[in-house]
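Here's structure07.cif, which has mmCIF, C-alpha atoms:
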```cif
data_data
loop_
_atom_site.label_atom_id
_atom_site.label_comp_id
_atom_site.auth_asym_id
_atom_site.auth_seq_id
_atom_site.Cartn_x
_atom_site.Cartn_y
_atom_site.Cartn_z
CA MET A 1 96.13 72.37 90.78
CA THR A 2 93.79 75.36 90.83
CA LYS A 3 94.94 78.40 88.85
CA ALA A 4 94.03 82.09 89.14
CA VAL A 5 94.64 84.99 86.77
CA LEU A 6 94.00 88.73 86.87
CA LEU A 7 92.71 90.54 83.78
CA ARG A 8 92.04 94.23 83.16
CA VAL A 9 88.64 95.01 81.61
CA GLY A 10 86.23 97.92 81.25
CA ILE A 11 86.35 101.44 79.92
CA ASP A 12 89.39 103.63 80.47
CA SER A 13 91.01 106.79 79.14
CA GLY A 14 92.53 104.91 76.20
CA SER A 15 89.39 103.01 75.20
CA GLY A 16 86.27 105.07 75.74
CA GLY A 17 87.81 108.18 77.24
CA ILE A 18 86.71 107.91 80.88
CA GLN A 19 87.12 105.64 83.88
CA GLY A 20 84.30 103.79 85.56
CA PRO A 21 82.64 105.76 88.41
CA LEU A 22 83.47 104.91 92.03
CA PHE A 23 80.95 106.13 94.61
CA LYS A 24 81.49 107.32 98.19
CA ASP A 25 80.25 104.07 99.72
CA GLY A 26 82.72 101.99 97.73
CA SER A 27 80.17 100.78 95.20
CA PHE A 28 80.82 101.37 91.52
CA GLU A 29 79.41 101.10 88.04
CA PHE A 30 81.06 98.68 85.63
CA VAL A 31 81.14 100.47 82.27
CA CYS A 32 82.27 98.54 79.21
CA ILE A 33 84.34 99.76 76.28
CA PRO A 34 82.70 101.06 73.07
CA ASP A 35 81.62 98.67 70.33
CA ASN A 36 83.31 100.26 67.34
CA LYS A 37 81.77 97.63 65.04
CA GLY A 38 78.35 99.11 65.75
CA VAL A 39 76.52 95.78 66.07
CA SER A 40 75.60 95.61 69.76
CA VAL A 41 72.02 96.06 70.94
CA HIS A 42 73.40 97.81 74.01
CA ARG A 43 74.10 101.54 74.00
CA TYR A 44 75.51 103.83 76.67
CA GLY A 45 72.20 105.69 76.83
CA THR A 46 70.22 102.52 77.50
CA CYS A 47 72.68 100.83 79.88
CA VAL A 48 71.25 102.08 83.17
CA GLY A 49 73.15 101.51 86.37
CA LYS A 50 72.01 100.47 89.82
CA ASN A 51 71.45 104.12 90.78
CA GLY A 52 69.21 104.77 87.77
CA ILE A 53 71.79 106.81 85.86
CA PRO A 54 72.49 105.85 82.22
CA HIS A 55 76.16 105.18 81.54
CA SER A 56 76.20 108.03 79.02
CA ASP A 57 75.80 110.50 81.92
CA TYR A 58 79.31 109.74 83.14
CA PHE A 59 80.82 111.24 79.99
CA PRO A 60 81.58 114.98 79.63
CA ALA A 61 78.36 116.99 79.30
CA GLY A 62 79.13 118.09 75.77
CA LYS A 63 79.47 114.50 74.58
CA ARG A 64 76.56 112.86 76.36
CA LYS A 65 74.00 113.21 73.59
CA ALA A 66 76.29 111.62 71.01
CA VAL A 67 77.60 109.00 73.42
CA ALA A 68 74.05 107.94 74.36
CA GLY A 69 73.72 106.38 70.91
CA GLN A 70 77.14 104.73 70.95
CA HIS A 71 77.04 100.92 70.85
CA VAL A 72 78.61 99.11 73.82
CA HIS A 73 80.97 96.12 73.74
CA LEU A 74 79.33 94.33 76.68
CA ASP A 75 82.11 91.95 77.71
CA PRO A 76 82.64 90.49 80.24
CA GLU A 77 78.95 90.15 80.98
CA PHE A 78 77.83 89.27 84.47
CA GLU A 79 74.33 88.03 83.66
CA THR A 80 75.39 84.59 82.44
CA PHE A 81 79.10 85.13 83.27
CA THR A 82 80.93 84.95 79.95
CA TYR A 83 84.09 86.54 78.59
CA GLY A 84 85.59 86.38 75.13
CA ASP A 85 88.59 87.85 73.33
CA PRO A 86 90.18 87.15 69.92
CA THR A 87 93.56 88.79 70.58
CA LEU A 88 96.80 86.89 71.00
CA PRO A 89 97.70 88.23 74.50
CA LYS A 90 94.51 86.64 75.91
CA ARG A 91 95.08 83.25 74.29
CA SER A 92 96.56 81.80 77.49
CA LEU A 93 93.10 81.94 79.09
CA ARG A 94 92.20 78.82 77.09
CA THR A 95 94.19 76.82 79.65
CA LEU A 96 91.77 77.70 82.46
CA GLU A 97 89.92 74.69 83.85
CA LYS A 98 86.80 74.08 85.91
CA GLY A 99 87.26 75.59 89.37
CA ASP A 100 89.97 78.07 88.34
CA PHE A 101 89.53 81.80 88.99
CA LEU A 102 89.42 84.57 86.38
CA ILE A 103 89.66 87.84 88.31
CA PHE A 104 88.61 91.09 86.65
CA TYR A 105 89.97 94.50 87.57
CA ALA A 106 89.15 97.91 86.09
CA GLY A 107 90.07 101.57 86.25
CA LEU A 108 87.74 103.59 88.49
CA GLN A 109 87.67 107.22 89.61
CA ASP A 110 85.76 108.98 92.39
CA TRP A 111 82.36 110.27 91.29
CA ASP A 112 79.97 112.49 93.24
CA GLU A 113 76.33 112.61 92.16
CA ASP A 114 76.27 116.38 92.65
CA ALA A 115 79.78 117.43 91.62
CA GLY A 116 80.69 114.74 89.09
CA TRP A 117 84.30 113.56 88.79
CA ASN A 118 86.65 114.29 91.67
CA ARG A 119 89.71 115.49 89.77
CA ASN A 120 91.72 115.73 92.99
CA HIS A 121 91.80 111.94 93.19
CA SER A 122 93.61 110.07 90.43
CA PRO A 123 92.05 106.97 88.89
CA ALA A 124 93.16 103.67 90.35
CA LEU A 125 92.69 99.98 89.63
CA TYR A 126 90.18 97.87 91.52
CA ILE A 127 88.93 94.29 91.50
CA VAL A 128 85.34 94.46 90.27
CA GLY A 129 84.37 90.79 89.97
CA TYR A 130 85.48 87.28 89.14
CA PHE A 131 84.47 84.03 87.51
CA VAL A 132 84.79 80.62 89.08
CA VAL A 133 85.49 78.91 85.80
CA GLU A 134 83.06 76.36 84.42
CA LEU A 135 84.33 76.15 80.83
CA ALA A 136 87.23 77.65 78.89
CA GLY A 137 88.80 77.12 75.50
CA MET A 138 88.95 78.28 71.93
CA ALA A 139 85.62 78.77 70.18
CA GLY A 140 86.43 75.87 67.87
CA ASP A 141 86.66 73.55 70.87
CA PHE A 142 82.93 73.89 71.54
CA SER A 143 79.92 72.47 69.72
CA ARG A 144 77.35 74.79 68.20
CA THR A 145 74.95 73.78 70.97
CA THR A 146 77.45 74.68 73.70
CA LEU A 147 78.23 78.00 72.02
CA ARG A 148 74.53 78.84 71.84
CA VAL A 149 73.55 77.63 75.32
CA GLU A 150 76.62 78.55 77.37
CA PHE A 151 78.04 81.53 75.48
CA GLY A 152 75.01 82.88 73.63
CA LYS A 153 75.02 86.22 75.47
CA ASN A 154 78.70 86.90 74.96
CA PHE A 155 79.42 89.77 72.57
CA HIS A 156 81.72 87.73 70.35
CA VAL A 157 79.23 84.87 69.97
CA ARG A 158 75.95 86.77 70.04
CA TYR A 159 76.55 88.70 66.81
CA PRO A 160 77.09 86.45 63.76
CA SER A 161 79.16 88.99 61.83
CA VAL A 162 81.59 89.25 64.73
CA PHE A 163 81.73 85.52 65.42
CA GLU A 164 82.37 84.55 61.80
CA LEU A 165 85.26 86.97 61.61
CA GLN A 166 86.84 86.01 64.94
CA LYS A 167 85.92 82.38 65.59
CA ASP A 168 89.33 80.92 64.73
CA GLN A 169 91.13 83.22 67.19
CA LEU A 170 88.43 83.55 69.84
CA VAL A 171 89.06 82.38 73.40
CA LEU A 172 85.95 81.97 75.57
CA VAL A 173 85.52 81.62 79.33
CA LYS A 174 82.32 80.71 81.16
CA GLY A 175 81.87 81.32 84.86
CA GLY A 176 79.86 78.96 87.02
CA THR A 177 78.54 78.85 90.58
CA GLY A 178 80.28 81.41 92.78
CA SER A 179 80.95 83.88 89.96
CA ARG A 180 79.94 87.44 90.71
CA LEU A 181 80.19 91.15 90.10
CA LEU A 182 81.24 92.73 93.40
CA GLU A 183 79.09 95.21 95.30
CA ARG A 184 82.17 97.11 96.49
CA ALA A 185 85.31 97.71 94.45
CA ASP A 186 88.57 96.52 95.99
CA LEU A 187 91.69 98.64 95.46
CA ILE A 188 94.71 96.73 94.17
CA SER A 189 96.99 99.37 92.61
CA ALA A 190 99.64 101.75 93.86
CA GLU A 191 101.61 104.45 92.06
CA GLY A 192 104.90 103.27 90.63
CA SER A 193 107.07 104.29 87.68
CA ASP A 194 108.56 102.73 84.56
CA ARG A 195 112.25 102.67 83.66
CA ALA A 196 111.99 106.18 82.26
CA GLY A 197 110.45 107.46 85.48
CA LYS A 198 106.96 107.92 84.05
CA PRO A 199 104.03 107.16 86.41
CA LEU A 200 102.78 103.59 86.24
CA LYS A 201 100.17 101.67 88.18
CA VAL A 202 101.56 98.59 89.88
CA LEU A 203 100.16 95.92 92.15
CA SER A 204 100.30 97.38 95.66
CA ARG A 205 102.53 95.86 98.34
CA LYS A 206 99.42 94.79 100.22
CA MET A 207 98.08 92.95 97.20
CA GLN A 208 101.47 91.40 96.44
CA ARG A 209 101.05 89.59 99.75
CA VAL A 210 97.77 88.18 98.38
CA PHE A 211 98.57 87.49 94.72
CA GLY A 212 102.35 87.33 94.62
CA GLU A 213 104.61 89.30 92.29
CA PHE A 214 103.75 87.70 88.93
CA GLY A 215 107.34 86.65 88.42
CA GLY A 216 108.54 90.19 89.04
CA HIS A 217 106.12 91.83 86.60
CA VAL A 218 104.00 93.87 89.02
CA SER A 219 102.89 96.48 86.48
CA ILE A 220 99.14 96.13 85.95
CA GLN A 221 98.35 99.36 84.09
CA ARG A 222 98.50 97.96 80.57
CA SER A 223 99.30 94.32 80.79
CA PRO A 224 98.51 90.86 79.48
CA PRO A 225 96.80 88.43 81.88
CA ARG A 226 98.73 88.25 85.15
CA TRP A 227 98.85 84.70 86.48
CA VAL A 228 98.88 84.34 90.25
CA ASP A 229 101.94 82.58 91.60
CA ALA A 230 101.08 78.96 92.43
CA GLY A 231 102.00 79.41 96.07
CA PHE A 232 99.51 82.27 96.41
CA VAL A 233 96.46 80.77 94.70
CA ASN A 234 94.76 79.47 97.85
CA ARG A 235 95.40 82.76 99.61
CA ALA A 236 93.96 84.66 96.64
CA MET A 237 90.85 82.46 96.55
CA ASP A 238 90.21 83.01 100.26
CA TYR A 239 90.68 86.74 99.81
CA LEU A 240 88.19 86.92 96.93
CA LYS A 241 85.54 84.95 98.76
CA ASN A 242 85.60 87.47 101.59
CA LEU A 243 85.04 90.50 99.37
CA LYS A 244 81.60 92.14 99.36
#
```
I need this file expressed as structure tokens, please.
Amino acid sequence: MTKAVLLRVGIDSGSGGIQGPLFKDGSFEFVCIPDNKGVSVHRYGTCVGKNGIPHSDYFPAGKRKAVAGQHVHLDPEFETFTYGDPTLPKRSLRTLEKGDFLIFYAGLQDWDEDAGWNRNHSPALYIVGYFVVELAGMAGDFSRTTLRVEFGKNFHVRYPSVFELQKDQLVLVKGGTGSRLLERADLISAEGSDRAGKPLKVLSRKMQRVFGEFGGHVSIQRSPPRWVDAGFVNRAMDYLKNLK
């Protein structure tokens, strides 16, 4: 039976200090979190988006010069469609099989090329892309050849110092045919609250009709992978395939 899971990725206020920019036409820039290990060949000043603006320009003006040299943890990457993570909450992704869906969502906020961030609009969570899974498992499940050929551009595999440290805990997912980074972001969150009444982003009612209620755990602000209810998987797949 086909499975589908939602996973939050990308820069946010807690990891990087900003949200990804969302433009007036619904397009967006997927900005990754910082590489605090300082090994990546990618930097915010050299990651240039589709509109020709380096990612460093989305940071506050006073920080842009310093941020331009900051290394970037480029993961997931949508060139060869790989994702990796060594943390325990992501370990369940090893159970993904060929044909399953790994759905990525990220925090985005309205950005105007002339005025910058629109502070009148709060950040929200949007689907930004997905993998149609080709391979998934722990790094130790794969041969050296497979790691090099299929996962060679993934951050956790590409840099030997990172891989050697993480290989025993590292889960890897490879997307195949049909995988893509969206052209237009798709809103999935609504404003909710936690038990203490503090604001919390939850899966919207509209999206609950697509993905289900995750067993009653509809909070998606800071969450482990959210697995789509079995009865909603086909509906979710159809929905994704119709996104731009």
Please tell me which residues are no farther than 8 Å from (85.2, 102.1, 74.8) in the file, counting only C-alpha atoms, and write them as a list in words.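 The distance filter leaves exactly Gly10, Ile11, Asp12, Gly14, Ser15, Gly16, Gly17, Cys32, Ile33, Pro34, Asp35, Asn36, Val72 and His73 of chain A.
Omitting stretch 139-144 of chain A and its sequence neighbours fewer than 6 positions away, and counting all atoms listed in the file, the residues within 7 Å are Lys167, Asp168, Leu170, Val171 and Leu172 of chain A.
Residues in contact with A:Pro89 at 12 Å, where all atoms listed in the file are counted and same-chain residues fewer than 5 positions away are skipped, are listed as Leu7, Arg8, Arg94, Gln169, Leu170, Val171, Arg222, Ser223, Pro224, Pro225 and Arg226 of chain A.
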Restricting the calculation to all atoms listed in the file, which member of A:Leu135, A:Val39, A:Val218, A:Val228 is positioned closest to A:Gly176?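 Nearest candidate to A:Gly176 out of A:Leu135, A:Val39, A:Val218, A:Val228: A:Leu135.
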Residue IDs satisfying the PyMOL selection byres ((chain A and resi 80) around 10), as a PyMOL selection string: chain A and resi 76-79+81-83+150-154+174-176+179-180
